[in-house]
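**Q** One file is attached below, my_file_29.cif, containing mmCIF, C-alpha atoms and all ligand atoms.
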```cif
data_run
#
loop_
_atom_site.label_atom_id
_atom_site.label_comp_id
_atom_site.auth_asym_id
_atom_site.auth_seq_id
_atom_site.Cartn_x
_atom_site.Cartn_y
_atom_site.Cartn_z
CA MET X 1 0.00 0.00 0.00
CA ASN X 2 1.27 3.45 -0.88
CA LEU X 3 0.78 5.48 2.28
CA LEU X 4 2.36 8.61 0.84
CA GLY X 5 -0.30 9.20 -1.81
CA PRO X 6 0.41 10.10 -5.42
CA GLU X 7 1.70 13.65 -4.87
CA ARG X 8 4.35 12.65 -2.33
CA ALA X 9 5.27 9.47 -4.16
CA GLY X 10 6.85 11.58 -6.91
CA ARG X 11 4.05 11.45 -9.49
CA GLN X 12 1.75 14.40 -9.06
CA ALA X 13 -2.02 13.92 -9.12
CA ALA X 14 -2.40 17.03 -11.25
CA VAL X 15 -0.53 19.22 -13.70
CA ARG X 16 -0.35 22.86 -12.64
CA VAL X 17 -0.49 25.18 -15.64
CA ALA X 18 0.31 28.89 -15.33
CA ALA X 19 -0.75 30.99 -18.30
CA VAL X 20 -0.93 34.60 -19.41
CA GLY X 21 -1.17 36.47 -22.70
CA ASP X 22 -1.21 40.08 -23.82
CA ILE X 23 1.44 41.32 -21.44
CA HIS X 24 2.36 43.86 -24.15
CA LEU X 25 5.76 44.72 -22.72
CA GLY X 26 7.55 47.79 -24.03
CA GLU X 27 11.17 48.77 -23.59
CA ASP X 28 10.22 50.61 -20.38
CA CYS X 29 8.74 47.50 -18.71
CA ALA X 30 11.86 45.61 -17.60
CA GLY X 31 11.30 43.91 -14.26
CA LEU X 32 7.52 44.50 -14.20
CA LEU X 33 6.51 40.84 -14.15
CA ARG X 34 9.73 39.18 -13.05
CA PRO X 35 8.95 39.18 -9.28
CA ALA X 36 5.64 37.41 -9.88
CA PHE X 37 7.11 34.99 -12.42
CA GLU X 38 9.86 34.06 -9.95
CA THR X 39 7.16 32.51 -7.73
CA LEU X 40 6.26 30.00 -10.47
CA PRO X 41 8.45 27.09 -9.31
CA ASP X 42 6.45 27.08 -6.05
CA CYS X 43 3.04 26.88 -7.69
CA ALA X 44 3.26 25.72 -11.33
CA ASP X 45 4.83 23.09 -13.55
CA LEU X 46 4.96 25.21 -16.70
CA LEU X 47 4.19 28.70 -18.00
CA LEU X 48 2.22 29.28 -21.19
CA LEU X 49 2.47 32.66 -22.97
CA ALA X 50 -0.51 33.24 -25.26
CA GLY X 51 0.95 35.92 -27.56
CA ASP X 52 1.04 39.72 -27.70
CA LEU X 53 4.10 39.59 -25.52
CA THR X 54 5.44 42.85 -27.00
CA ARG X 55 3.72 46.14 -27.84
CA HIS X 56 4.78 46.43 -31.46
CA GLY X 57 6.89 43.38 -32.22
CA TYR X 58 10.34 44.96 -32.01
CA ALA X 59 13.30 42.79 -31.09
CA ALA X 60 14.22 45.29 -28.35
CA GLU X 61 10.80 44.67 -26.76
CA ALA X 62 11.31 40.93 -27.09
CA GLN X 63 14.56 41.36 -25.15
CA VAL X 64 12.50 42.80 -22.29
CA VAL X 65 10.14 39.80 -22.45
CA ALA X 66 13.16 37.50 -22.48
CA GLY X 67 14.46 39.14 -19.32
CA GLU X 68 11.14 38.51 -17.57
CA VAL X 69 10.98 34.78 -18.37
CA ALA X 70 14.58 33.55 -18.71
CA SER X 71 15.74 30.86 -16.25
CA LEU X 72 12.53 30.80 -14.22
CA GLY X 73 12.93 27.17 -13.19
CA VAL X 74 9.81 26.03 -15.08
CA PRO X 75 9.51 25.44 -18.84
CA VAL X 76 8.06 28.36 -20.79
CA VAL X 77 6.07 27.74 -23.99
CA ALA X 78 4.78 30.59 -26.16
CA VAL X 79 2.98 31.52 -29.32
CA LEU X 80 3.27 34.96 -30.88
CA GLY X 81 0.35 37.38 -31.22
CA ASN X 82 -0.59 39.95 -33.83
CA HIS X 83 1.31 42.67 -31.95
CA ASP X 84 4.45 40.52 -32.10
CA HIS X 85 4.14 40.67 -35.90
CA HIS X 86 3.54 44.41 -36.24
CA ALA X 87 7.16 45.44 -36.86
CA ASP X 88 7.45 42.69 -39.51
CA GLU X 89 10.23 40.97 -37.59
CA PRO X 90 8.51 37.95 -36.01
CA ASP X 91 11.50 35.75 -36.80
CA GLU X 92 13.75 38.06 -34.81
CA VAL X 93 11.25 38.17 -31.92
CA THR X 94 11.13 34.36 -32.00
CA ARG X 95 14.93 34.13 -32.02
CA VAL X 96 15.28 36.43 -29.02
CA LEU X 97 12.72 34.42 -27.04
CA ARG X 98 14.26 31.09 -28.01
CA ASP X 99 17.69 32.36 -26.96
CA ALA X 100 16.12 32.94 -23.52
CA GLY X 101 14.96 29.32 -23.40
CA VAL X 102 11.35 29.90 -24.43
CA GLN X 103 9.82 27.26 -26.72
CA VAL X 104 8.03 29.32 -29.36
CA LEU X 105 5.47 27.25 -31.27
CA GLU X 106 3.94 27.97 -34.67
CA GLY X 107 2.16 24.89 -35.93
CA GLU X 108 4.42 22.79 -33.74
CA SER X 109 4.16 20.75 -30.57
CA THR X 110 6.35 20.04 -27.60
CA VAL X 111 6.26 17.35 -24.92
CA LEU X 112 7.33 18.39 -21.44
CA PRO X 113 8.23 15.98 -18.66
CA VAL X 114 6.29 17.04 -15.56
CA ALA X 115 6.76 15.07 -12.36
CA GLY X 116 6.65 11.67 -13.97
CA HIS X 117 4.07 12.58 -16.62
CA LYS X 118 4.20 13.92 -20.17
CA VAL X 119 2.45 17.20 -20.91
CA GLY X 120 1.93 18.02 -24.58
CA VAL X 121 1.45 21.54 -25.88
CA ALA X 122 0.47 22.30 -29.48
CA GLY X 123 0.62 25.93 -30.53
CA THR X 124 -0.17 28.35 -33.29
CA LYS X 125 -0.98 32.05 -33.39
CA GLY X 126 -4.27 31.50 -35.20
CA PHE X 127 -6.11 34.26 -37.04
CA CYS X 128 -9.46 35.93 -37.63
CA GLY X 129 -12.60 34.98 -39.51
CA GLY X 130 -15.44 34.69 -37.03
CA PHE X 131 -17.66 31.97 -35.72
CA VAL X 132 -20.27 29.58 -37.03
CA GLY X 133 -23.09 31.39 -38.80
CA ARG X 134 -21.20 34.69 -38.76
CA SER X 135 -17.89 33.92 -40.39
CA ALA X 136 -15.96 35.04 -43.43
CA GLY X 137 -15.96 32.63 -46.37
CA GLU X 138 -13.17 31.59 -48.73
CA PHE X 139 -15.06 33.07 -51.70
CA GLY X 140 -14.84 35.93 -54.17
CA GLU X 141 -11.91 38.30 -54.42
CA PRO X 142 -8.35 37.00 -54.04
CA GLU X 143 -7.89 39.21 -50.98
CA MET X 144 -10.88 37.64 -49.24
CA LYS X 145 -9.77 34.15 -50.12
CA ALA X 146 -6.26 34.88 -48.86
CA PHE X 147 -7.69 36.23 -45.57
CA VAL X 148 -9.75 33.13 -44.84
CA ARG X 149 -7.07 30.80 -46.18
CA THR X 150 -4.65 32.23 -43.61
CA THR X 151 -7.00 31.11 -40.84
CA ARG X 152 -7.71 27.73 -42.40
CA ARG X 153 -4.01 26.98 -42.77
CA SER X 154 -3.33 28.03 -39.21
CA ALA X 155 -6.10 25.70 -38.00
CA GLU X 156 -4.66 22.90 -40.12
CA ARG X 157 -1.24 23.47 -38.53
CA LEU X 158 -2.82 23.31 -35.07
CA ALA X 159 -4.60 20.05 -35.96
CA ARG X 160 -1.34 18.52 -37.17
CA ALA X 161 0.51 19.65 -34.07
CA LEU X 162 -2.16 18.14 -31.80
CA ALA X 163 -2.10 14.94 -33.86
CA GLU X 164 1.68 14.73 -33.36
CA LEU X 165 1.07 14.55 -29.62
CA ALA X 166 -1.24 11.55 -29.93
CA GLY X 167 1.63 9.11 -30.23
CA HIS X 168 3.50 10.35 -27.17
CA GLY X 169 1.23 9.06 -24.42
CA CYS X 170 0.68 12.51 -22.95
CA ALA X 171 -1.26 12.65 -19.70
CA VAL X 172 -2.43 16.13 -20.64
CA ARG X 173 -2.71 17.85 -24.04
CA ILE X 174 -3.06 21.62 -24.32
CA ALA X 175 -3.85 23.77 -27.38
CA LEU X 176 -2.19 27.20 -27.17
CA THR X 177 -3.25 30.02 -29.50
CA HIS X 178 -3.41 33.80 -29.49
CA PHE X 179 -6.71 34.17 -31.35
CA SER X 180 -9.80 32.62 -29.78
CA PRO X 181 -11.30 29.32 -30.93
CA VAL X 182 -14.73 30.10 -29.44
CA PRO X 183 -17.06 33.08 -28.98
CA ASP X 184 -17.76 32.28 -25.29
CA THR X 185 -14.54 33.87 -24.10
CA LEU X 186 -15.21 37.03 -26.12
CA ALA X 187 -18.21 37.99 -23.99
CA GLY X 188 -17.64 41.64 -23.05
CA GLU X 189 -16.11 42.56 -26.40
CA PRO X 190 -18.22 44.48 -28.96
CA LEU X 191 -20.13 41.95 -31.10
CA GLU X 192 -19.04 43.85 -34.21
CA ILE X 193 -15.39 42.85 -33.77
CA TYR X 194 -15.89 39.14 -32.94
CA PRO X 195 -14.79 38.16 -36.50
CA PHE X 196 -11.43 39.83 -35.79
CA LEU X 197 -10.91 38.06 -32.47
CA GLY X 198 -10.84 34.44 -33.56
CA SER X 199 -12.18 31.65 -35.70
CA TYR X 200 -14.34 28.56 -35.27
CA LEU X 201 -11.83 26.71 -37.46
CA LEU X 202 -9.43 26.63 -34.50
CA ALA X 203 -12.11 24.98 -32.34
CA GLU X 204 -12.86 22.45 -35.06
CA ALA X 205 -9.17 21.50 -35.10
CA ILE X 206 -9.12 21.18 -31.31
CA ASP X 207 -12.29 19.07 -31.22
CA ALA X 208 -11.16 16.87 -34.10
CA GLN X 209 -7.85 15.97 -32.45
CA GLY X 210 -8.82 16.29 -28.78
CA ALA X 211 -7.27 18.33 -25.99
CA ASP X 212 -7.72 18.73 -22.25
CA LEU X 213 -7.47 22.51 -22.28
CA ALA X 214 -7.33 25.33 -24.84
CA VAL X 215 -5.65 28.58 -23.85
CA HIS X 216 -5.75 31.86 -25.78
CA GLY X 217 -5.42 35.63 -25.42
CA HIS X 218 -6.18 38.62 -27.71
CA ALA X 219 -9.66 39.46 -26.36
CA HIS X 220 -8.73 42.08 -23.74
CA LEU X 221 -12.35 42.82 -22.83
CA GLY X 222 -13.47 39.19 -22.96
CA THR X 223 -14.24 36.50 -20.40
CA GLU X 224 -11.95 33.88 -18.90
CA HIS X 225 -14.06 30.73 -19.21
CA GLY X 226 -15.52 29.06 -22.30
CA MET X 227 -15.88 25.69 -24.00
CA THR X 228 -15.75 24.25 -27.50
CA ALA X 229 -18.75 22.47 -29.01
CA GLY X 230 -16.86 19.24 -28.36
CA GLY X 231 -16.51 19.98 -24.63
CA VAL X 232 -12.89 21.16 -24.45
CA ARG X 233 -12.43 23.82 -21.78
CA VAL X 234 -11.20 27.16 -23.15
CA ARG X 235 -9.49 29.84 -21.07
CA ASN X 236 -8.89 33.44 -22.19
CA VAL X 237 -5.76 34.43 -20.28
CA ALA X 238 -5.33 37.94 -21.71
CA GLN X 239 -3.81 39.82 -18.80
CA PRO X 240 -6.52 42.52 -18.72
CA VAL X 241 -9.06 39.67 -18.33
CA ILE X 242 -7.36 37.65 -15.62
CA ASP X 243 -6.05 40.83 -13.90
CA HIS X 244 -3.12 38.89 -12.44
CA ALA X 245 0.44 38.21 -13.47
CA PHE X 246 -0.77 34.78 -14.58
CA ALA X 247 -3.72 32.44 -14.19
CA LEU X 248 -3.18 29.06 -12.61
CA TYR X 249 -5.08 25.95 -13.68
CA ARG X 250 -4.79 22.59 -11.94
CA LEU X 251 -5.51 19.76 -14.36
CA PRO X 252 -6.20 16.57 -12.39
CA LEU X 253 -4.81 13.43 -13.97
CA ASP X 254 -7.79 11.35 -12.80
CA GLY X 255 -10.24 12.91 -15.25
CA HIS X 256 -11.86 15.20 -12.70
CA ARG X 257 -12.58 18.84 -13.55
CA GLU X 258 -9.84 21.43 -13.67
CA THR X 259 -9.67 23.81 -10.72
CA THR X 260 -8.17 27.28 -10.44
CA ALA X 261 -5.97 28.69 -7.72
CA PRO X 262 -5.29 32.18 -6.39
CA THR X 263 -2.34 33.85 -8.10
CA THR X 264 -0.23 36.95 -7.73
CA PRO X 265 -1.89 40.23 -8.76
CA VAL X 266 0.04 41.98 -11.50
CA THR X 267 2.17 44.85 -10.18
CA ALA X 268 0.94 47.40 -12.70
CA PRO X 269 -1.96 45.99 -14.74
CA ALA X 270 -1.43 46.33 -18.47
CA ARG X 271 -4.26 48.30 -19.99
CA TYR X 272 -3.82 48.20 -23.70
CA GLY X 273 -6.55 49.35 -26.04
CA THR X 274 -5.64 47.51 -29.22
CA ARG X 275 -6.09 43.75 -29.18
FE FE W 1 -3.76 40.39 -30.05
FE FE W 2 -3.32 41.97 -27.04
#
```
What's the structure tokens form of this structure?
**A**
Amino acid sequence: MNLLGPERAGRQAAVRVAAVGDIHLGEDCAGLLRPAFETLPDCADLLLLAGDLTRHGYAAEAQVVAGEVASLGVPVVAVLGNHDHHADEPDEVTRVLRDAGVQVLEGESTVLPVAGHKVGVAGTKGFCGGFVGRSAGEFGEPEMKAFVRTTRRSAERLARALAELAGHGCAVRIALTHFSPVPDTLAGEPLEIYPFLGSYLLAEAIDAQGADLAVHGHAHLGTEHGMTAGGVRVRNVAQPVIDHAFALYRLPLDGHRETTAPTTPVTAPARYGTR
């Protein structure tokens, strides 16, 4: 008989996921989040960054992000957001983050060893297009087709990345995007801009391949909790939504529901108008 129980026997009963997006750090933000992030080894097994890590996508801003998350003692996995593309140097932003030890995913997956278990994360930035019944179609002008095709290809990359994880025996699989896969977590945003906040194609990819949790950002005025049509829990971790340095989700490995835990309030809440 194991009298210690699963946690103390070395294999945790749950995976503890810290997540935040839309931190929008500028060159004047060095050290803003570092004190909170340094508490992560005490409360989390990994940190997910759901894009919009910089204000305008400059490498100098990415250096500030790198300083906040380097050598934290927990693995850090990120996707970029639209702001991280604005300066047209996403490859340089990615390089800076990777040099700091961050795993930056775009249509890729990673498997992390967490206390005797495997945790799989599949990531892509995603894109716009809207939700079922109110979505853009791949029809008409070349520009319109290119717009919708961008989303479709991103969703296809996410599906492939999730499928890659299937053969790894992961105890937990997480889909990480910047744009939202569902409208639930946009509640609070103006209805008129929903088509620019996400796409149902991302949710279809998640439901087709399966995941235990989907995490996104981008919708600053949205809502934290949502769900795909297939029953996958979705969490909007945009920092203005969670109002903390990070959200913390405890994913039990026995199939029970995820629970949340109190986290550190952000020192100076980011209030950024543009998504
Ligand atoms: Fe965004
Ligand atoms: Fe944002």
**Q** Here is a test: counting all atoms listed in the file, which residue of X:Leu25, X:Val232, X:Cys128, X:Ala219 is nearest to ligand FE 1 (chain W)?
**A**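 Counting all atoms listed in the file, the residue closest to ligand FE 1 (chain W) is X:Ala219.
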**Q** Of the residues X:Ala66, X:Leu197, X:Met144, X:Ala50, which is the one nearest to Thr274 in chain X, using only C-alpha atoms?
**A** X:Leu197
**Q** For chain X against ligand FE 2 (chain W), with a cut-off of 7 Å and counting all atoms listed in the file, what is the closest atom pair and its distance in Å to one decimal for every residue that makes the cut, ordered by chain and number, as CSV?
**A**
```
residue,atom,partner,partner_atom,distance
X:Asp22,CA,W:FE2,FE,4.3
X:His24,CA,W:FE2,FE,6.6
X:Asp52,CA,W:FE2,FE,5.0
X:His83,CA,W:FE2,FE,6.8
X:Gly217,CA,W:FE2,FE,6.9
X:His218,CA,W:FE2,FE,4.5
X:Ala219,CA,W:FE2,FE,6.9
X:His220,CA,W:FE2,FE,6.3
X:Ala238,CA,W:FE2,FE,7.0
X:Thr274,CA,W:FE2,FE,6.4
X:Arg275,CA,W:FE2,FE,3.9
```
**Q** Would you give the centre and edge lengths, in Å to one decimal, of a box along x, y and z around the listed atoms of range 151-161 of chain X, with 4 Å added to each side, as lines of an AutoDock Vina configuration file?
**A**
```
center_x = -3.6
center_y = 24.8
center_z = -38.4
size_x = 16.2
size_y = 20.6
size_z = 16.7
```
**Q** Have a look at CA of Val237 in chain X and CA of Ala14 in chain X and let me know their distance in Å, one decimal.
**A**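 CA of Ala14 in chain X lies at a distance of 19.9 Å from CA of Val237 in chain X.
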**Q** Smallest atom-to-atom distance to ligand FE 1 (chain W): which of X:Leu53, X:Leu32, X:Ala163, X:Val20, using all atoms listed in the file?
**A**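 Using all atoms listed in the file, ligand FE 1 (chain W) sits closest to X:Leu53.
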**Q** For ligand FE 1 (chain W), which of X:Gln209, X:Ser180, X:Asn236, X:Asn82 is the closest residue, counting all atoms listed in the file?
**A** X:Asn82
**Q** Taking all atoms listed in the file into account, which of X:Thr54, X:Ser109, X:Thr223, X:Thr185 comes nearest ligand FE 1 (chain W)?
**A**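 Among X:Thr54, X:Ser109, X:Thr223, X:Thr185, it is X:Thr54 that comes nearest to ligand FE 1 (chain W).
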**Q** Excluding Pro252 in chain X and any residue of its chain fewer than 5 positions from it, enumerate the residues within 9 Å of it, using all atoms listed in the file, and give them as JSON, numbers by chain.
**A** {"X": [12, 13, 14, 15, 16, 257, 258, 259]}
**Q** Between CA of Leu221 in chain X and CA of Val96 in chain X, measure the distance and give it in Å to one decimal.
**A**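 Atom-to-atom, CA of Leu221 in chain X and CA of Val96 in chain X are spaced 29.0 Å apart.
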**Q** Set the distance at 8 Å and use all atoms listed in the file: which residues neighbour Val119 in chain X once local chain neighbours fewer than 6 positions away are removed? I'd like the list as a list of chain:residue names.
**A** X:Val111, X:Leu112, X:Pro113, X:Cys170, X:Ala171, X:Val172, X:Arg173, X:Ile174
